[in-house]
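Colleague: Supplied in structure tokens, the structure appears directly below.
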Amino acid sequence: MATYTQKKQKLPAAYKPLGFAVSWGGGRLATAAFQKTWKALKKEDNAPDALDRDRKWGEILLAAAIQGAIFAVVRAVIDRSSAQAVERRTGVWPDGAKGNGRD
């Protein structure tokens with residue numbers, strides 16, 4: 001039976017491909033959620049881009065703030081859910097060091 005330290009050493013190799021796939025899917029989900037949210041708020045298909053000359057600062061910053069909030073929430077849900085799934089499967093939490101976040 002593998003010890004906790006041996007499991008801990010093997011975990012990153014098993015977790016990275018899963019993490020990549022789940023993060024990619026989360027990005028797609030967050031993009032779709034932002035597009036639907038923007039359409040519901042402004043009745044427009046496309047959110048303003050920072051380089052869009054015809055948009056005002058307030059509208060660009062509002063879009064950026066909403067998009068950032070949605071991406072942060074989706075990322076937190078996906079990171080936490082996948083970490084819990086890895087722990088259930090392997091018995092080891094993906095990152096045991098406190099304060100050693102991804103950012």
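Residue numbering restarts at 1 for every chain of the structure tokens, chains are lettered A, B, ... in their displayed order, and ligands are numbered from 1 as they appear.
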Just the residues within 12 Å of Asn46 (chain A), please, counting only C-alpha atoms, with nothing from its chain fewer than 5 positions along; format it as a PDB file with N, CA, C and O atoms, in the first residue's frame.
Modeller:
ATOM      1  N   THR A  31     -17.508  31.611 -20.762  1.00  0.00           N
ATOM      2  CA  THR A  31     -17.732  32.457 -21.930  1.00  0.00           C
ATOM      3  C   THR A  31     -19.204  32.460 -22.313  1.00  0.00           C
ATOM      4  O   THR A  31     -19.796  33.525 -22.566  1.00  0.00           O
ATOM      5  N   ALA A  32     -19.807  31.287 -22.352  1.00  0.00           N
ATOM      6  CA  ALA A  32     -21.234  31.192 -22.691  1.00  0.00           C
ATOM      7  C   ALA A  32     -22.089  31.909 -21.650  1.00  0.00           C
ATOM      8  O   ALA A  32     -23.044  32.616 -21.998  1.00  0.00           O
ATOM      9  N   PHE A  34     -21.202  34.423 -19.735  1.00  0.00           N
ATOM     10  CA  PHE A  34     -21.022  35.869 -19.884  1.00  0.00           C
ATOM     11  C   PHE A  34     -21.813  36.395 -21.077  1.00  0.00           C
ATOM     12  O   PHE A  34     -22.465  37.436 -20.986  1.00  0.00           O
ATOM     13  N   GLN A  35     -21.779  35.680 -22.191  1.00  0.00           N
ATOM     14  CA  GLN A  35     -22.520  36.127 -23.368  1.00  0.00           C
ATOM     15  C   GLN A  35     -24.022  36.194 -23.086  1.00  0.00           C
ATOM     16  O   GLN A  35     -24.692  37.158 -23.466  1.00  0.00           O
ATOM     17  N   LYS A  36     -24.551  35.188 -22.404  1.00  0.00           N
ATOM     18  CA  LYS A  36     -25.977  35.199 -22.060  1.00  0.00           C
ATOM     19  C   LYS A  36     -26.299  36.328 -21.084  1.00  0.00           C
ATOM     20  O   LYS A  36     -27.330  36.980 -21.189  1.00  0.00           O
ATOM     21  N   THR A  37     -25.417  36.543 -20.122  1.00  0.00           N
ATOM     22  CA  THR A  37     -25.627  37.615 -19.143  1.00  0.00           C
ATOM     23  C   THR A  37     -25.616  38.981 -19.822  1.00  0.00           C
ATOM     24  O   THR A  37     -26.478  39.824 -19.553  1.00  0.00           O
ATOM     25  N   TRP A  38     -24.651  39.199 -20.703  1.00  0.00           N
ATOM     26  CA  TRP A  38     -24.563  40.492 -21.391  1.00  0.00           C
ATOM     27  C   TRP A  38     -25.792  40.713 -22.266  1.00  0.00           C
ATOM     28  O   TRP A  38     -26.339  41.816 -22.313  1.00  0.00           O
ATOM     29  N   LYS A  39     -26.226  39.665 -22.950  1.00  0.00           N
ATOM     30  CA  LYS A  39     -27.402  39.782 -23.809  1.00  0.00           C
ATOM     31  C   LYS A  39     -28.647  40.110 -22.976  1.00  0.00           C
ATOM     32  O   LYS A  39     -29.485  40.907 -23.376  1.00  0.00           O
ATOM     33  N   ALA A  40     -28.747  39.518 -21.796  1.00  0.00           N
ATOM     34  CA  ALA A  40     -29.892  39.790 -20.924  1.00  0.00           C
ATOM     35  C   ALA A  40     -29.845  41.223 -20.380  1.00  0.00           C
ATOM     36  O   ALA A  40     -30.887  41.870 -20.244  1.00  0.00           O
ATOM     37  N   LEU A  41     -28.653  41.720 -20.074  1.00  0.00           N
ATOM     38  CA  LEU A  41     -28.523  43.068 -19.516  1.00  0.00           C
ATOM     39  C   LEU A  41     -28.684  44.169 -20.554  1.00  0.00           C
ATOM     40  O   LEU A  41     -29.377  45.157 -20.325  1.00  0.00           O
ATOM     41  N   ASP A  52     -12.875  49.058 -28.735  1.00  0.00           N
ATOM     42  CA  ASP A  52     -14.021  49.500 -29.531  1.00  0.00           C
ATOM     43  C   ASP A  52     -14.189  51.005 -29.372  1.00  0.00           C
ATOM     44  O   ASP A  52     -14.570  51.489 -28.311  1.00  0.00           O
ATOM     45  N   ARG A  55     -17.644  52.662 -28.075  1.00  0.00           N
ATOM     46  CA  ARG A  55     -18.180  52.376 -26.728  1.00  0.00           C
ATOM     47  C   ARG A  55     -17.568  53.332 -25.717  1.00  0.00           C
ATOM     48  O   ARG A  55     -16.430  53.762 -25.836  1.00  0.00           O
ATOM     49  N   ILE A  60     -17.527  49.629 -21.151  1.00  0.00           N
ATOM     50  CA  ILE A  60     -16.396  48.701 -21.260  1.00  0.00           C
ATOM     51  C   ILE A  60     -16.011  48.163 -19.890  1.00  0.00           C
ATOM     52  O   ILE A  60     -15.783  46.963 -19.718  1.00  0.00           O
ATOM     53  N   ALA A  63     -18.676  45.684 -18.593  1.00  0.00           N
ATOM     54  CA  ALA A  63     -18.527  44.377 -19.249  1.00  0.00           C
ATOM     55  C   ALA A  63     -17.331  43.617 -18.681  1.00  0.00           C
ATOM     56  O   ALA A  63     -17.417  42.413 -18.412  1.00  0.00           O
TER      57      ALA A  63
END
Colleague: Just the residues within 10 Å of Ile78 (chain A), please, counting only C-alpha atoms, with nothing from its chain fewer than 2 positions along; format it as a PyMOL selection string.
Modeller: chain A and resi 19+22-23+25-27+72-76+80-84
Colleague: Those same residues - all heavy atoms - I'd like them written as an mmCIF file, in the first residue's frame.
Modeller:
data_model
loop_
_atom_site.group_PDB
_atom_site.id
_atom_site.type_symbol
_atom_site.label_atom_id
_atom_site.label_comp_id
_atom_site.auth_asym_id
_atom_site.auth_seq_id
_atom_site.Cartn_x
_atom_site.Cartn_y
_atom_site.Cartn_z
ATOM 1 N N GLY A 19 -6.977 18.431 -14.855
ATOM 2 C CA GLY A 19 -7.114 19.860 -14.587
ATOM 3 C C GLY A 19 -7.166 20.686 -15.857
ATOM 4 O O GLY A 19 -7.946 21.623 -15.972
ATOM 5 N N VAL A 22 -10.632 20.036 -17.585
ATOM 6 C CA VAL A 22 -11.721 20.654 -16.826
ATOM 7 C C VAL A 22 -11.639 22.178 -16.915
ATOM 8 O O VAL A 22 -12.659 22.850 -17.066
ATOM 9 C CB VAL A 22 -11.694 20.163 -15.360
ATOM 10 C CG1 VAL A 22 -12.653 20.939 -14.491
ATOM 11 C CG2 VAL A 22 -12.023 18.680 -15.311
ATOM 12 N N SER A 23 -10.440 22.736 -16.882
ATOM 13 C CA SER A 23 -10.277 24.189 -16.993
ATOM 14 C C SER A 23 -10.706 24.690 -18.369
ATOM 15 O O SER A 23 -11.332 25.741 -18.493
ATOM 16 C CB SER A 23 -8.821 24.588 -16.746
ATOM 17 O OG SER A 23 -8.469 24.342 -15.415
ATOM 18 N N GLY A 25 -12.940 23.303 -20.338
ATOM 19 C CA GLY A 25 -14.402 23.244 -20.339
ATOM 20 C C GLY A 25 -15.005 24.372 -19.519
ATOM 21 O O GLY A 25 -16.031 24.956 -19.890
ATOM 22 N N GLY A 26 -14.363 24.704 -18.419
ATOM 23 C CA GLY A 26 -14.842 25.802 -17.582
ATOM 24 C C GLY A 26 -14.741 27.140 -18.289
ATOM 25 O O GLY A 26 -15.627 27.989 -18.149
ATOM 26 N N GLY A 27 -13.686 27.330 -19.054
ATOM 27 C CA GLY A 27 -13.547 28.559 -19.826
ATOM 28 C C GLY A 27 -14.655 28.703 -20.852
ATOM 29 O O GLY A 27 -15.213 29.781 -21.045
ATOM 30 N N ALA A 72 -14.256 34.188 -12.452
ATOM 31 C CA ALA A 72 -13.732 33.851 -11.127
ATOM 32 C C ALA A 72 -14.619 32.823 -10.422
ATOM 33 O O ALA A 72 -14.117 31.880 -9.800
ATOM 34 C CB ALA A 72 -13.596 35.108 -10.276
ATOM 35 N N VAL A 73 -15.923 32.992 -10.523
ATOM 36 C CA VAL A 73 -16.853 32.049 -9.879
ATOM 37 C C VAL A 73 -16.757 30.675 -10.537
ATOM 38 O O VAL A 73 -16.668 29.651 -9.856
ATOM 39 C CB VAL A 73 -18.301 32.587 -9.904
ATOM 40 C CG1 VAL A 73 -19.298 31.519 -9.517
ATOM 41 C CG2 VAL A 73 -18.423 33.788 -8.975
ATOM 42 N N VAL A 74 -16.768 30.651 -11.869
ATOM 43 C CA VAL A 74 -16.674 29.369 -12.572
ATOM 44 C C VAL A 74 -15.351 28.684 -12.238
ATOM 45 O O VAL A 74 -15.313 27.480 -11.974
ATOM 46 C CB VAL A 74 -16.840 29.557 -14.097
ATOM 47 C CG1 VAL A 74 -16.486 28.290 -14.864
ATOM 48 C CG2 VAL A 74 -18.267 29.983 -14.420
ATOM 49 N N ARG A 75 -14.263 29.439 -12.208
ATOM 50 C CA ARG A 75 -12.951 28.868 -11.884
ATOM 51 C C ARG A 75 -12.930 28.289 -10.468
ATOM 52 O O ARG A 75 -12.414 27.195 -10.245
ATOM 53 C CB ARG A 75 -11.887 29.942 -12.017
ATOM 54 C CG ARG A 75 -10.511 29.456 -11.672
ATOM 55 C CD ARG A 75 -9.519 30.567 -11.870
ATOM 56 N NE ARG A 75 -8.302 30.296 -11.135
ATOM 57 C CZ ARG A 75 -7.294 31.117 -11.060
ATOM 58 N NH1 ARG A 75 -7.336 32.271 -11.686
ATOM 59 N NH2 ARG A 75 -6.229 30.804 -10.362
ATOM 60 N N ALA A 76 -13.510 29.004 -9.520
ATOM 61 C CA ALA A 76 -13.541 28.521 -8.140
ATOM 62 C C ALA A 76 -14.357 27.234 -8.027
ATOM 63 O O ALA A 76 -13.951 26.282 -7.350
ATOM 64 C CB ALA A 76 -14.103 29.593 -7.211
ATOM 65 N N ARG A 80 -12.472 23.744 -7.073
ATOM 66 C CA ARG A 80 -12.881 23.083 -5.828
ATOM 67 C C ARG A 80 -13.493 21.717 -6.106
ATOM 68 O O ARG A 80 -13.170 20.730 -5.429
ATOM 69 C CB ARG A 80 -13.878 23.977 -5.081
ATOM 70 C CG ARG A 80 -14.279 23.496 -3.725
ATOM 71 C CD ARG A 80 -13.100 23.534 -2.787
ATOM 72 N NE ARG A 80 -13.508 23.063 -1.484
ATOM 73 C CZ ARG A 80 -12.842 23.308 -0.381
ATOM 74 N NH1 ARG A 80 -11.743 24.015 -0.419
ATOM 75 N NH2 ARG A 80 -13.263 22.849 0.759
ATOM 76 N N SER A 81 -14.360 21.638 -7.096
ATOM 77 C CA SER A 81 -15.012 20.368 -7.429
ATOM 78 C C SER A 81 -14.014 19.323 -7.899
ATOM 79 O O SER A 81 -14.078 18.157 -7.505
ATOM 80 C CB SER A 81 -16.066 20.576 -8.517
ATOM 81 O OG SER A 81 -17.061 21.442 -8.076
ATOM 82 N N SER A 82 -13.071 19.739 -8.740
ATOM 83 C CA SER A 82 -12.089 18.766 -9.229
ATOM 84 C C SER A 82 -11.140 18.337 -8.114
ATOM 85 O O SER A 82 -10.737 17.169 -8.044
ATOM 86 C CB SER A 82 -11.322 19.312 -10.433
ATOM 87 O OG SER A 82 -10.632 20.489 -10.111
ATOM 88 N N ALA A 83 -10.789 19.239 -7.216
ATOM 89 C CA ALA A 83 -9.937 18.863 -6.083
ATOM 90 C C ALA A 83 -10.653 17.855 -5.180
ATOM 91 O O ALA A 83 -10.056 16.881 -4.715
ATOM 92 C CB ALA A 83 -9.536 20.100 -5.278
ATOM 93 N N GLN A 84 -11.947 18.078 -4.953
ATOM 94 C CA GLN A 84 -12.721 17.137 -4.145
ATOM 95 C C GLN A 84 -12.827 15.780 -4.836
ATOM 96 O O GLN A 84 -12.737 14.739 -4.185
ATOM 97 C CB GLN A 84 -14.108 17.696 -3.849
ATOM 98 C CG GLN A 84 -14.087 18.828 -2.858
ATOM 99 C CD GLN A 84 -15.452 19.462 -2.662
ATOM 100 O OE1 GLN A 84 -16.284 19.485 -3.573
ATOM 101 N NE2 GLN A 84 -15.681 20.000 -1.474
#
Colleague: Using Å and a single decimal, report how far CA of Gly68 (chain A) sits from CA of Lys16 (chain A).
Modeller: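 Atom-to-atom, CA of Lys16 (chain A) and CA of Gly68 (chain A) are spaced 24.0 Å apart.
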Colleague: What is the CA of Ala30 (chain A) to CA of Glu59 (chain A) distance in Å?
Modeller: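 Taking CA of Ala30 (chain A) as the start and CA of Glu59 (chain A) as the end point, the length is 19.6 Å.
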